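Novice: Pasting query_5.txt below, which is compact mmCIF, C-alpha atoms.
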# COMPACT_ATOMS: atom_id res chain seq x y z
CA MET A 57 113.51 75.44 103.95
CA SER A 58 111.36 72.62 105.23
CA THR A 59 109.84 72.33 108.64
CA GLU A 60 109.04 68.92 110.00
CA VAL A 61 105.95 68.71 112.16
CA ILE A 62 106.27 66.06 114.85
CA SER A 63 103.11 64.76 116.47
CA LYS A 64 103.35 64.68 120.23
CA TYR A 65 101.55 61.97 122.13
CA ALA A 66 100.16 61.87 125.66
CA ILE A 67 101.04 58.36 126.74
CA ASP A 68 99.43 56.50 129.62
CA LEU A 69 101.44 53.35 130.11
CA VAL A 70 100.55 50.39 132.31
CA PHE A 71 103.08 47.68 132.97
CA VAL A 72 101.35 44.43 133.92
CA ILE A 73 104.04 42.25 135.43
CA ASP A 74 103.90 38.62 136.45
CA VAL A 75 105.99 38.64 139.65
CA THR A 76 106.16 34.89 140.22
CA GLY A 77 109.47 33.18 140.94
CA SER A 78 110.77 32.77 137.40
CA MET A 79 110.36 36.45 136.50
CA GLY A 80 113.33 37.82 138.48
CA SER A 81 115.33 38.83 135.40
CA VAL A 82 112.38 40.71 133.86
CA ILE A 83 111.76 42.56 137.10
CA ASP A 84 115.43 43.61 137.02
CA GLU A 85 114.90 44.86 133.45
CA VAL A 86 111.85 46.88 134.54
CA LYS A 87 113.86 48.36 137.43
CA GLU A 88 116.49 49.32 134.89
CA LEU A 89 113.92 50.65 132.45
CA VAL A 90 112.22 53.10 134.81
CA LYS A 91 115.46 54.90 135.69
CA GLY A 92 115.18 58.12 133.73
CA PHE A 93 112.35 56.51 131.79
CA SER A 94 110.70 59.62 130.41
CA ASN A 95 113.97 60.89 128.94
CA ARG A 96 114.79 57.51 127.41
CA LEU A 97 111.34 57.14 125.90
CA ARG A 98 111.45 60.72 124.62
CA SER A 99 114.76 60.16 122.84
CA THR A 100 113.71 56.76 121.43
CA MET A 101 110.51 58.34 120.13
CA SER A 102 112.41 61.26 118.72
CA ALA A 103 114.64 58.88 116.75
CA GLU A 104 111.45 57.48 115.20
CA GLY A 105 110.12 60.94 114.35
CA LYS A 106 107.58 60.96 117.17
CA GLY A 107 107.20 63.35 120.07
CA LEU A 108 106.24 62.81 123.69
CA GLN A 109 103.79 65.33 125.14
CA ASP A 110 103.68 63.76 128.57
CA LEU A 111 103.92 60.37 130.18
CA TRP A 112 102.01 58.67 132.97
CA VAL A 113 103.03 55.23 134.19
CA ARG A 114 101.26 52.70 136.38
CA ILE A 115 102.47 49.31 137.65
CA ILE A 116 100.21 46.29 138.11
CA THR A 117 101.65 43.07 139.49
CA TYR A 118 100.13 39.65 139.85
CA ARG A 119 100.68 36.11 140.96
CA ASP A 120 97.95 33.51 141.49
CA LEU A 121 94.65 34.60 143.07
CA GLY A 122 93.97 30.95 143.86
CA GLU A 123 97.06 30.68 146.04
CA GLU A 124 97.28 34.14 147.58
CA GLY A 125 93.78 35.58 147.42
CA ALA A 126 93.40 39.34 146.89
CA ARG A 127 97.09 39.91 147.74
CA ALA A 128 98.05 38.28 144.44
CA LEU A 129 96.96 41.39 142.52
CA ALA A 130 98.37 44.84 143.24
CA ALA A 131 98.17 48.12 141.39
CA SER A 132 99.86 51.45 141.84
CA GLN A 133 98.48 54.81 140.91
CA PHE A 134 99.49 56.51 137.67
CA PHE A 135 102.75 58.41 138.19
CA GLU A 136 103.32 61.55 136.17
CA LEU A 137 106.87 61.46 134.81
CA PRO A 138 109.40 62.89 135.31
CA ARG A 139 107.78 64.76 138.24
CA GLN A 140 106.96 61.59 140.19
CA GLU A 141 109.82 59.45 138.97
CA ILE A 142 111.18 58.84 142.47
CA ALA A 143 107.82 57.60 143.71
CA LEU A 144 107.53 55.29 140.71
CA GLN A 145 111.05 54.04 141.37
CA GLU A 146 110.05 53.34 144.98
CA VAL A 147 107.24 51.07 143.77
CA VAL A 148 109.43 49.30 141.23
CA ASP A 149 112.32 48.83 143.66
CA GLY A 150 109.92 47.06 145.98
CA LEU A 151 109.07 44.38 143.39
CA THR A 152 110.39 40.90 144.06
CA ALA A 153 109.87 37.69 142.15
CA SER A 154 108.48 35.00 144.39
CA GLY A 155 105.75 32.42 144.76
CA GLY A 156 103.39 31.46 142.00
CA GLY A 157 104.12 27.76 142.39
CA SER A 158 102.84 26.04 139.31
CA GLU A 159 101.13 27.55 136.27
CA PRO A 160 98.68 29.00 135.41
CA GLU A 161 98.65 32.45 137.03
CA SER A 162 96.05 35.22 137.24
CA GLY A 163 97.19 37.18 134.18
CA LEU A 164 93.73 37.80 132.73
CA GLU A 165 92.42 39.41 135.91
CA ALA A 166 95.51 41.64 135.91
CA LEU A 167 94.96 42.52 132.25
CA TRP A 168 91.33 43.43 133.00
CA LEU A 169 92.51 45.64 135.85
CA ALA A 170 94.87 47.36 133.41
CA MET A 171 92.08 47.85 130.87
CA ARG A 172 89.98 49.55 133.57
CA SER A 173 92.74 51.98 134.49
CA PRO A 174 91.73 55.63 134.87
CA TRP A 175 93.05 56.59 131.42
CA ARG A 176 93.25 60.20 130.34
CA ASN A 177 91.40 61.14 127.22
CA VAL A 178 93.23 64.11 125.77
CA LEU A 179 94.51 65.08 122.34
CA ARG A 180 96.64 62.26 120.83
CA SER A 181 96.17 59.97 123.82
CA ARG A 182 97.81 56.57 123.72
CA HIS A 183 96.72 53.99 126.29
CA VAL A 184 99.45 51.38 126.22
CA ILE A 185 99.42 48.15 128.21
CA VAL A 186 102.71 46.25 128.37
CA MET A 187 102.11 42.72 129.64
CA LEU A 188 105.14 40.74 130.80
CA THR A 189 104.74 37.07 131.64
CA ASP A 190 106.25 33.65 131.03
CA ALA A 191 103.21 31.64 132.12
CA SER A 192 99.74 30.68 130.97
CA ALA A 193 96.70 32.21 132.71
CA HIS A 194 93.66 30.78 134.50
CA PRO A 195 90.39 31.04 132.59
CA LEU A 196 88.33 34.00 133.80
CA GLY A 197 85.83 33.14 136.50
CA THR A 198 88.19 30.72 138.23
CA HIS A 199 88.73 33.18 141.07
CA LYS A 200 86.96 36.28 142.40
CA TYR A 201 88.18 39.76 141.43
CA PRO A 202 89.40 41.88 144.37
CA ALA A 203 86.63 44.49 144.18
CA ASP A 204 88.48 47.34 145.89
CA LEU A 205 90.99 47.60 143.03
CA PHE A 206 88.44 48.41 140.37
CA GLN A 207 87.48 51.96 139.56
CA ASP A 208 83.95 51.50 138.29
CA ASN A 209 80.93 49.29 138.21
CA ILE A 210 81.39 47.74 134.78
CA GLU A 211 80.79 44.05 135.21
CA ALA A 212 84.01 42.08 134.87
CA PRO A 213 84.15 39.71 131.92
CA ARG A 214 83.28 36.09 132.66
CA ASP A 215 85.27 34.55 129.82
CA LEU A 216 87.74 35.41 127.09
CA VAL A 217 85.00 36.11 124.53
CA GLU A 218 83.51 38.78 126.80
CA MET A 219 86.93 40.17 127.53
CA LYS A 220 87.69 40.50 123.83
CA ARG A 221 84.40 42.36 123.40
CA HIS A 222 85.45 44.72 126.21
CA TRP A 223 88.80 45.26 124.47
CA GLY A 224 86.81 46.16 121.39
CA ILE A 225 85.77 44.52 118.15
CA ALA A 226 84.96 46.97 115.36
CA PRO A 227 82.49 48.66 115.26
CA ASP A 228 82.01 48.17 119.02
CA PRO A 229 84.75 50.26 120.65
CA GLY A 230 84.79 48.33 123.94
CA VAL A 231 85.57 49.85 127.31
CA MET A 232 88.76 51.58 126.19
CA ASN A 233 89.31 54.42 123.78
CA ALA A 234 89.39 52.56 120.45
CA GLN A 235 91.90 54.95 118.86
CA ALA A 236 94.18 55.08 121.87
CA ARG A 237 94.35 51.49 123.09
CA ARG A 238 97.46 49.38 122.49
CA LEU A 239 98.55 46.04 123.94
CA ILE A 240 102.14 44.86 123.85
CA LEU A 241 102.30 41.28 124.94
CA PHE A 242 105.49 39.60 126.06
CA ALA A 243 104.00 36.16 126.69
CA PRO A 244 104.58 32.52 125.75
CA ASP A 245 102.63 30.62 123.13
CA ALA A 246 100.23 29.34 125.76
CA THR A 247 96.59 29.73 126.77
CA PRO A 248 95.21 32.40 126.51
CA TRP A 249 98.03 34.51 125.10
CA HIS A 250 98.10 32.99 121.58
CA GLU A 251 94.38 33.81 121.24
CA ILE A 252 94.91 37.38 122.45
CA GLY A 253 98.15 37.88 120.52
CA GLU A 254 96.68 36.72 117.24
CA ARG A 255 93.08 37.91 117.42
CA TRP A 256 92.87 41.11 119.44
CA GLU A 257 93.04 44.37 117.56
CA GLN A 258 95.97 46.76 118.03
CA THR A 259 97.99 44.12 119.80
CA MET A 260 101.66 43.34 119.34
CA TRP A 261 102.71 39.88 120.54
CA LEU A 262 106.36 39.18 121.24
CA GLN A 263 106.61 35.56 122.25
CA SER A 264 108.55 34.52 125.30
CA ARG A 265 109.41 30.98 126.27
CA ALA A 266 107.23 29.43 128.95
CA GLY A 267 108.87 29.24 132.37
CA GLU A 268 112.01 31.07 131.23
CA GLY A 269 111.28 34.46 132.71
CA CYS A 270 110.30 36.26 129.53
CA MET A 271 113.96 36.52 128.57
CA ASP A 272 113.47 38.54 125.41
CA ALA A 273 111.89 41.41 127.33
CA ASP A 274 114.99 43.54 127.76
CA VAL A 275 115.00 47.31 128.16
CA ASP A 276 115.59 48.09 124.48
CA THR A 277 112.94 45.69 123.22
CA ILE A 278 110.33 47.03 125.62
CA LEU A 279 111.18 50.63 124.70
CA LYS A 280 111.06 49.90 120.97
CA GLY A 281 107.80 48.00 121.40
CA ILE A 282 106.22 50.99 123.10
CA VAL A 283 107.49 53.43 120.47
CA MET A 284 106.40 51.24 117.56
CA SER A 285 102.93 50.80 119.03
CA VAL A 286 102.41 54.55 119.46
CA MET B 240 80.41 51.08 126.45
CA GLY B 241 82.75 53.56 124.86
CA THR B 242 84.34 56.62 126.30
CA SER B 243 81.41 58.97 126.68
CA ASN B 244 81.60 61.35 129.61
CA GLN B 245 80.05 60.13 132.84
CA LEU B 246 79.49 62.01 136.05
CA ILE B 247 81.29 60.93 139.19
CA VAL B 248 80.43 62.09 142.70
CA CYS B 249 83.45 62.94 144.82
CA GLN B 250 83.20 60.79 147.94
CA TRP B 251 84.93 63.45 150.06
CA CYS B 252 82.62 66.41 149.43
CA ASN B 253 79.71 65.00 147.37
CA THR B 254 80.43 67.35 144.47
CA THR B 255 79.48 66.03 141.04
CA ASN B 256 82.42 66.00 138.65
CA ASP B 257 82.88 65.15 135.01
CA SER B 258 84.66 61.77 134.85
CA SER B 259 87.42 63.28 132.70
CA ARG B 260 88.55 65.38 135.66
CA LEU B 261 91.57 64.13 137.57
CA ARG B 262 90.78 66.01 140.78
CA CYS B 263 87.54 67.15 142.36
CA VAL B 264 86.63 70.65 141.26
CA LEU B 265 85.76 71.61 144.86
CA CYS B 266 88.02 69.76 147.31
CA ASP B 267 90.92 68.93 144.92
CA VAL B 268 91.13 65.30 146.07
CA LYS B 269 91.80 62.89 143.20
CA ILE B 270 88.56 61.52 141.81
CA GLY B 271 87.85 57.97 142.93
CA ILE B 272 89.79 58.00 146.19
CA PRO B 273 87.49 56.63 148.88
CA VAL B 274 86.84 58.49 152.11
CA LEU B 275 89.41 57.45 154.70
CA ASP B 276 88.07 59.01 157.89
CA GLY B 277 85.72 57.35 160.36
CA LEU B 278 85.80 53.94 158.70
CA PRO B 279 84.76 50.77 160.48
CA ASP B 280 87.81 48.55 161.12
CA LYS B 281 86.85 45.89 158.63
CA GLU B 282 86.66 48.41 155.79
CA THR B 283 90.00 50.07 156.51
CA ASP B 284 92.25 47.72 154.54
CA ALA B 285 90.12 47.83 151.40
CA ALA B 286 89.88 51.62 151.58
CA MET B 287 93.65 51.96 151.96
CA ARG B 288 94.31 49.62 149.04
CA SER B 289 91.81 51.49 146.93
CA ALA B 290 93.31 54.87 147.86
CA TYR B 291 96.84 53.63 147.12
CA THR B 292 95.73 52.43 143.68
CA ARG B 293 94.18 55.79 142.85
CA GLY B 294 96.94 58.13 143.93
CA GLY B 295 95.91 58.61 147.55
CA ALA B 296 98.98 57.08 149.23
CA SER B 297 99.90 60.41 150.83
CA LEU B 298 96.39 60.85 152.25
CA VAL B 299 96.66 57.41 153.85
CA ALA B 300 100.19 58.10 155.13
CA GLU B 301 99.15 61.41 156.67
CA ARG B 302 96.37 59.64 158.58
CA LEU B 303 98.60 56.80 159.71
CA ILE B 304 101.09 59.30 161.09
CA ASP B 305 98.54 61.42 162.97
CA GLY B 306 96.54 58.42 164.17
CA ARG B 307 93.33 58.96 162.24
CA LEU B 308 93.99 55.53 160.68
CA PRO B 309 95.26 52.72 162.89
CA TRP B 310 98.84 51.48 162.35
CA ARG B 311 98.83 47.70 162.12
CA ASN B 312 102.17 47.18 160.38
CA ARG B 313 100.60 45.79 157.22
CA PRO B 314 102.23 45.83 153.76
CA ILE B 315 99.71 48.32 152.35
CA GLU B 316 100.51 50.74 155.19
CA HIS B 317 104.25 50.42 154.46
CA SER B 318 103.59 50.96 150.73
CA CYS B 319 101.58 54.13 151.31
CA ILE B 320 104.20 55.61 153.63
CA LYS B 321 107.03 54.77 151.21
CA ILE B 322 105.25 56.55 148.36
CA ALA B 323 104.54 59.55 150.57
CA LEU B 324 108.20 59.63 151.65
CA ALA B 325 109.45 59.27 148.07
CA GLU B 326 107.33 62.25 147.07
CA GLN B 327 109.27 64.33 149.61
CA PHE B 328 112.69 63.65 148.02
CA PRO B 329 112.57 66.60 145.63
CA LEU B 330 111.66 68.91 148.55
CA LEU B 331 114.61 67.93 150.73
CA GLU B 332 117.04 70.47 149.18
CA MET B 333 120.13 68.41 150.01
CA THR B 334 123.62 69.80 149.37
CA LEU B 335 126.89 67.88 149.34
CA ILE B 336 130.03 69.96 148.84
CA ILE B 337 133.44 68.41 148.48
CA ASN B 338 136.33 70.85 148.14
CA GLU B 339 138.51 69.80 145.20
CA THR B 340 141.37 72.14 145.88
CA ASP B 341 141.81 71.45 149.57
CA SER B 342 141.56 67.74 150.21
CA SER B 343 142.07 68.25 153.94
CA SER B 344 138.96 70.42 154.17
CA PRO B 345 135.98 68.41 155.41
CA PRO B 346 133.16 67.93 152.93
CA TYR B 347 129.82 69.39 153.90
CA LEU B 348 126.44 67.71 153.74
CA GLY B 349 123.30 69.58 154.70
CA TRP B 350 119.61 69.75 154.06
CA ARG B 351 116.50 71.61 155.00
CA TRP B 352 113.59 69.54 156.32
CA PRO B 353 110.44 69.79 154.17
CA SER B 354 107.40 71.16 156.00
CA ASN B 355 105.61 67.79 155.80
CA PRO B 356 106.23 66.01 159.11
CA ILE B 357 106.25 62.55 157.55
CA ILE B 358 110.06 62.41 157.45
CA SER B 359 111.14 61.67 161.00
CA ALA B 360 114.75 60.78 160.18
CA VAL B 361 117.24 60.48 157.35
CA ASP B 362 119.59 57.53 157.05
CA LEU B 363 122.92 58.12 155.36
CA ARG B 364 124.92 55.25 153.97
CA PHE B 365 128.52 55.59 152.83
CA ILE B 366 129.37 53.07 150.12
CA ARG B 367 132.82 52.42 148.68
CA GLY B 368 133.18 51.27 145.07
CA ALA B 369 129.53 51.64 144.06
CA ARG B 370 128.65 51.98 140.38
CA LEU B 371 126.63 55.14 139.78
CA GLU B 372 123.52 55.00 137.58
CA GLY B 373 121.76 58.34 137.59
CA ASN B 374 120.33 58.88 141.04
CA PHE B 375 120.97 55.29 142.02
CA SER B 376 124.01 53.14 142.67
CA ARG B 377 124.79 49.48 142.49
CA GLY B 378 127.24 47.24 144.30
CA GLY B 379 130.06 48.46 146.52
CA SER B 380 130.53 47.84 150.20
CA LYS B 381 129.03 49.78 153.07
CA VAL B 382 131.73 51.59 155.04
CA GLY B 383 129.63 53.91 157.17
CA PHE B 384 126.15 54.67 158.40
CA ARG B 385 124.51 57.58 160.18
CA ARG B 386 120.92 58.31 161.22
CA GLU B 387 119.92 61.94 161.59
CA LYS B 388 116.68 62.23 163.52
CA ARG B 389 114.47 65.22 162.97
CA ILE B 390 114.53 67.52 165.97
CA PRO B 391 111.45 69.69 166.53
CA ARG B 392 111.93 73.36 165.66
CA ARG B 393 115.28 72.67 163.97
CA ARG B 394 114.80 73.56 160.32
CA GLY B 395 117.73 71.74 158.82
CA VAL B 396 120.86 69.64 159.35
CA ASN B 397 124.50 70.62 158.78
CA LEU B 398 127.06 67.83 158.86
CA ARG B 399 130.82 67.76 158.50
CA LEU B 400 131.98 64.58 156.83
CA PRO B 401 135.47 63.00 156.96
CA PRO B 402 138.20 64.85 154.93
CA ALA B 403 137.86 64.87 151.15
CA ASP B 404 140.75 62.46 150.59
CA GLU B 405 139.00 59.93 152.82
CA MET B 406 135.76 60.46 150.92
CA ARG B 407 137.36 59.67 147.55
CA GLY B 408 135.48 56.78 145.92
CA ILE B 409 132.71 56.98 148.52
CA THR B 410 129.10 57.29 147.41
CA VAL B 411 126.63 58.86 149.83
CA GLN B 412 123.18 57.32 149.78
CA VAL B 413 120.16 58.78 151.50
CA LEU B 414 117.04 56.99 152.73
CA LEU B 415 114.04 58.87 154.10
CA CYS B 416 112.51 57.33 157.21
CA THR B 417 109.33 57.40 159.22
CA GLU B 418 109.21 55.95 162.70
CA ILE B 419 105.73 54.91 163.61
CA GLU B 420 104.74 52.98 166.73
CA GLY B 421 108.08 51.23 166.98
CA SER B 422 108.31 50.38 163.27
CA LEU B 423 110.73 51.99 160.88
CA VAL B 424 109.59 52.53 157.30
CA ARG B 425 112.13 53.86 154.84
CA THR B 426 112.55 54.43 151.14
CA HIS B 427 115.04 52.73 148.87
CA PRO B 428 118.41 54.51 148.78
CA ARG B 429 119.16 57.35 146.40
CA VAL B 430 122.52 58.88 145.69
CA VAL B 431 123.41 62.37 146.90
CA ARG B 432 125.24 64.17 144.13
CA SER B 433 128.22 66.32 145.01
CA SER B 434 128.10 69.88 143.76
CA LYS B 435 131.90 69.74 143.21
CA LYS B 436 133.81 66.83 141.69
CA LEU B 437 136.81 65.22 143.27
CA PRO B 438 140.07 65.47 141.33
CA LYS B 439 141.16 62.22 139.69
Step by step, read the file and then write its structure as structure tokens.

Specialist:
Amino acid sequence: MSTEVISKYAIDLVFVIDVTGSMGSVIDEVKELVKGFSNRLRSTMSAEGKGLQDLWVRIITYRDLGEEGARALAASQFFELPRQEIALQEVVDGLTASGGGSEPESGLEALWLAMRSPWRNVLRSRHVIVMLTDASAHPLGTHKYPADLFQDNIEAPRDLVEMKRHWGIAPDPGVMNAQARRLILFAPDATPWHEIGERWEQTMWLQSRAGEGCMDADVDTILKGIVMSV
Amino acid sequence: MGTSNQLIVCQWCNTTNDSSRLRCVLCDVKIGIPVLDGLPDKETDAAMRSAYTRGGASLVAERLIDGRLPWRNRPIEHSCIKIALAEQFPLLEMTLIINETDSSSPPYLGWRWPSNPIISAVDLRFIRGARLEGNFSRGGSKVGFRREKRIPRRRGVNLRLPPADEMRGITVQVLLCTEIEGSLVRTHPRVVRSSKKLPK
């Protein structure tokens, strides 16, 4: 008789979503995804021989800080699923794709906000950021960070080189837990995503086509991406 | 850099906590939520946004309802109240009973109000032809609407709906509402599940 031991992971998941006009279909996919999300993730993980200890989910949305000021960046709390699934659903149902005008958008500021999330550090933690965009991003330093959204006093990176250092370059672990951090990038082959997708550690880059609403980011692909990264 | 433990002072009670703690060891408020009482006007928005981001939406909502924070009809105020309302859904104890065997018997819908006063009314929507997806529904056409306001000292609501044969194919959606200074804030609709199924 053999007994299979399945490792169970405590997953903190942050969806960073570009909510500009062209992203309507992706927002619909995210709305679809979060319905019964913990059960779906649990069963997808189980099929891959992995277990889910518990799941916390946070939503960060962004447009263009240059056009909308601080309102362009918004972040929810972490929701503990399934206990707070209705509250998470309330946040997601309120998402609408609008504005943004022309590229680029403020994706790097949103990614930094995700990196500075109040992650839990427990046994078998996984800190997963899922970035969904179909547009390039402004270089860092173009616009001011909305200070009230950030949890701590770590100085925000001034360029992509600093941001990569904060993500972590061995042996420097960066600002996140080096074992736990994961980045799943649904983004076009555009600045700065090709640099991040190809050079950052523990990053999975699934290319989307610029301006086409990140069409490959359907529910199954996002779920599989998360499970594979864990 | 790294993930070494830092100490964080709770802004509500000045207790020093290990940064790995989710809630303050003394006052149980989530670590990192800024103080919300007695703020100068110009700091209110930033404090509310910060609290919302860190899991303090209910603390903001509670203060908007009882007037400790001013209601100015801003998006962040709506967002905090919606989250606080959504957190009350599991406490609503709603029952929908449709009698399968006697289609002339009126279905029953009732609930007990949670102790939190944030819910000031419940909107009921009756939708024909909606597609059910878990606790949500899509499509269909609205055939009825009813708002049940919360009456002080009444602990619950008991409603008789139209006969079961008229309710066939009808989905009941519920939205939790707060009325505040002339504005109505309500959650997105969720489906009320019947405890008995209709015959096909």

Novice: Report as an mmCIF file with C-alpha atoms, keeping the file's coordinate frame the set of chain B residues whose atoms approach chain A to within 10 Å, with distances computed over only C-alpha atoms.

Specialist:
data_model
loop_
_atom_site.group_PDB
_atom_site.id
_atom_site.type_symbol
_atom_site.label_atom_id
_atom_site.label_comp_id
_atom_site.auth_asym_id
_atom_site.auth_seq_id
_atom_site.Cartn_x
_atom_site.Cartn_y
_atom_site.Cartn_z
ATOM 1 C CA MET B 240 80.410 51.080 126.450
ATOM 2 C CA GLY B 241 82.750 53.560 124.860
ATOM 3 C CA THR B 242 84.340 56.620 126.300
ATOM 4 C CA SER B 243 81.410 58.970 126.680
ATOM 5 C CA ILE B 247 81.290 60.930 139.190
ATOM 6 C CA SER B 258 84.660 61.770 134.850
ATOM 7 C CA SER B 259 87.420 63.280 132.700
ATOM 8 C CA ARG B 260 88.550 65.380 135.660
ATOM 9 C CA LEU B 261 91.570 64.130 137.570
ATOM 10 C CA ILE B 270 88.560 61.520 141.810
ATOM 11 C CA GLY B 271 87.850 57.970 142.930
ATOM 12 C CA ILE B 272 89.790 58.000 146.190
ATOM 13 C CA PRO B 273 87.490 56.630 148.880
ATOM 14 C CA ASP B 284 92.250 47.720 154.540
ATOM 15 C CA ALA B 285 90.120 47.830 151.400
ATOM 16 C CA ALA B 286 89.880 51.620 151.580
ATOM 17 C CA MET B 287 93.650 51.960 151.960
ATOM 18 C CA ARG B 288 94.310 49.620 149.040
ATOM 19 C CA SER B 289 91.810 51.490 146.930
ATOM 20 C CA ALA B 290 93.310 54.870 147.860
ATOM 21 C CA TYR B 291 96.840 53.630 147.120
ATOM 22 C CA THR B 292 95.730 52.430 143.680
ATOM 23 C CA ARG B 293 94.180 55.790 142.850
ATOM 24 C CA GLY B 294 96.940 58.130 143.930
ATOM 25 C CA GLY B 295 95.910 58.610 147.550
ATOM 26 C CA ALA B 296 98.980 57.080 149.230
ATOM 27 C CA PRO B 314 102.230 45.830 153.760
ATOM 28 C CA ILE B 315 99.710 48.320 152.350
ATOM 29 C CA SER B 318 103.590 50.960 150.730
ATOM 30 C CA CYS B 319 101.580 54.130 151.310
ATOM 31 C CA LYS B 321 107.030 54.770 151.210
ATOM 32 C CA ILE B 322 105.250 56.550 148.360
ATOM 33 C CA ALA B 323 104.540 59.550 150.570
ATOM 34 C CA LEU B 324 108.200 59.630 151.650
ATOM 35 C CA ALA B 325 109.450 59.270 148.070
ATOM 36 C CA GLU B 326 107.330 62.250 147.070
ATOM 37 C CA GLN B 327 109.270 64.330 149.610
ATOM 38 C CA PHE B 328 112.690 63.650 148.020
ATOM 39 C CA PRO B 329 112.570 66.600 145.630
ATOM 40 C CA GLU B 372 123.520 55.000 137.580
ATOM 41 C CA GLY B 373 121.760 58.340 137.590
ATOM 42 C CA ASN B 374 120.330 58.880 141.040
ATOM 43 C CA PHE B 375 120.970 55.290 142.020
ATOM 44 C CA THR B 426 112.550 54.430 151.140
ATOM 45 C CA HIS B 427 115.040 52.730 148.870
ATOM 46 C CA PRO B 428 118.410 54.510 148.780
ATOM 47 C CA ARG B 429 119.160 57.350 146.400
#

Novice: Give me, as a count of residues only, all polymer residues having an atom no more than 7 Å from Asn397 of chain B, counting only C-alpha atoms and skipping those fewer than 4 positions away in the same chain.

Specialist: 3

Novice: Please measure the separation of atom CA of Ile336 of chain B and atom CA of Ile390 of chain B, giving the value in Å to one decimal.

Specialist: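 It comes out at 23.2 Å.
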
Novice: What's the 10 Å shell around segment 307-309 of chain B, counting only C-alpha atoms, without same-chain residues fewer than 6 positions away, as a PyMOL selection string?

Specialist: chain B and resi 275-278+280+283+287+299-301+316

Novice: Could you pull the residues within 10 Å of Asp274 of chain A, counting all atoms listed in the file, minus those fewer than 4 positions along the same chain, as an NGL selection string?

Specialist: :A and (81-86 or 88-89 or 270 or 278-279)

Novice: Using all atoms listed in the file, which residues sit within 9 Å of Ser285 of chain A once same-chain residues fewer than 4 positions away are excluded, as a ChimeraX atom specification?

Specialist: /A:184,238-240,258-260,280-281

Novice: Within 10 Å of Phe365 of chain B, counting all atoms listed in the file, which residues show up once you throw out same-chain ones fewer than 3 positions away? Write them as number ranges by chain, please.

Specialist: B: 369, 379-385, 406, 408-413, 430

Novice: Write the residues you've just listed into a file as a short mmCIF file (atom, residue, chain, number, x, y, z; two decimals), in the coordinates of the input, and include C-alpha atoms for each of them.

Specialist:
data_model
loop_
_atom_site.label_atom_id
_atom_site.label_comp_id
_atom_site.auth_asym_id
_atom_site.auth_seq_id
_atom_site.Cartn_x
_atom_site.Cartn_y
_atom_site.Cartn_z
CA ALA B 369 129.53 51.64 144.06
CA GLY B 379 130.06 48.46 146.52
CA SER B 380 130.53 47.84 150.20
CA LYS B 381 129.03 49.78 153.07
CA VAL B 382 131.73 51.59 155.04
CA GLY B 383 129.63 53.91 157.17
CA PHE B 384 126.15 54.67 158.40
CA ARG B 385 124.51 57.58 160.18
CA MET B 406 135.76 60.46 150.92
CA GLY B 408 135.48 56.78 145.92
CA ILE B 409 132.71 56.98 148.52
CA THR B 410 129.10 57.29 147.41
CA VAL B 411 126.63 58.86 149.83
CA GLN B 412 123.18 57.32 149.78
CA VAL B 413 120.16 58.78 151.50
CA VAL B 430 122.52 58.88 145.69
#
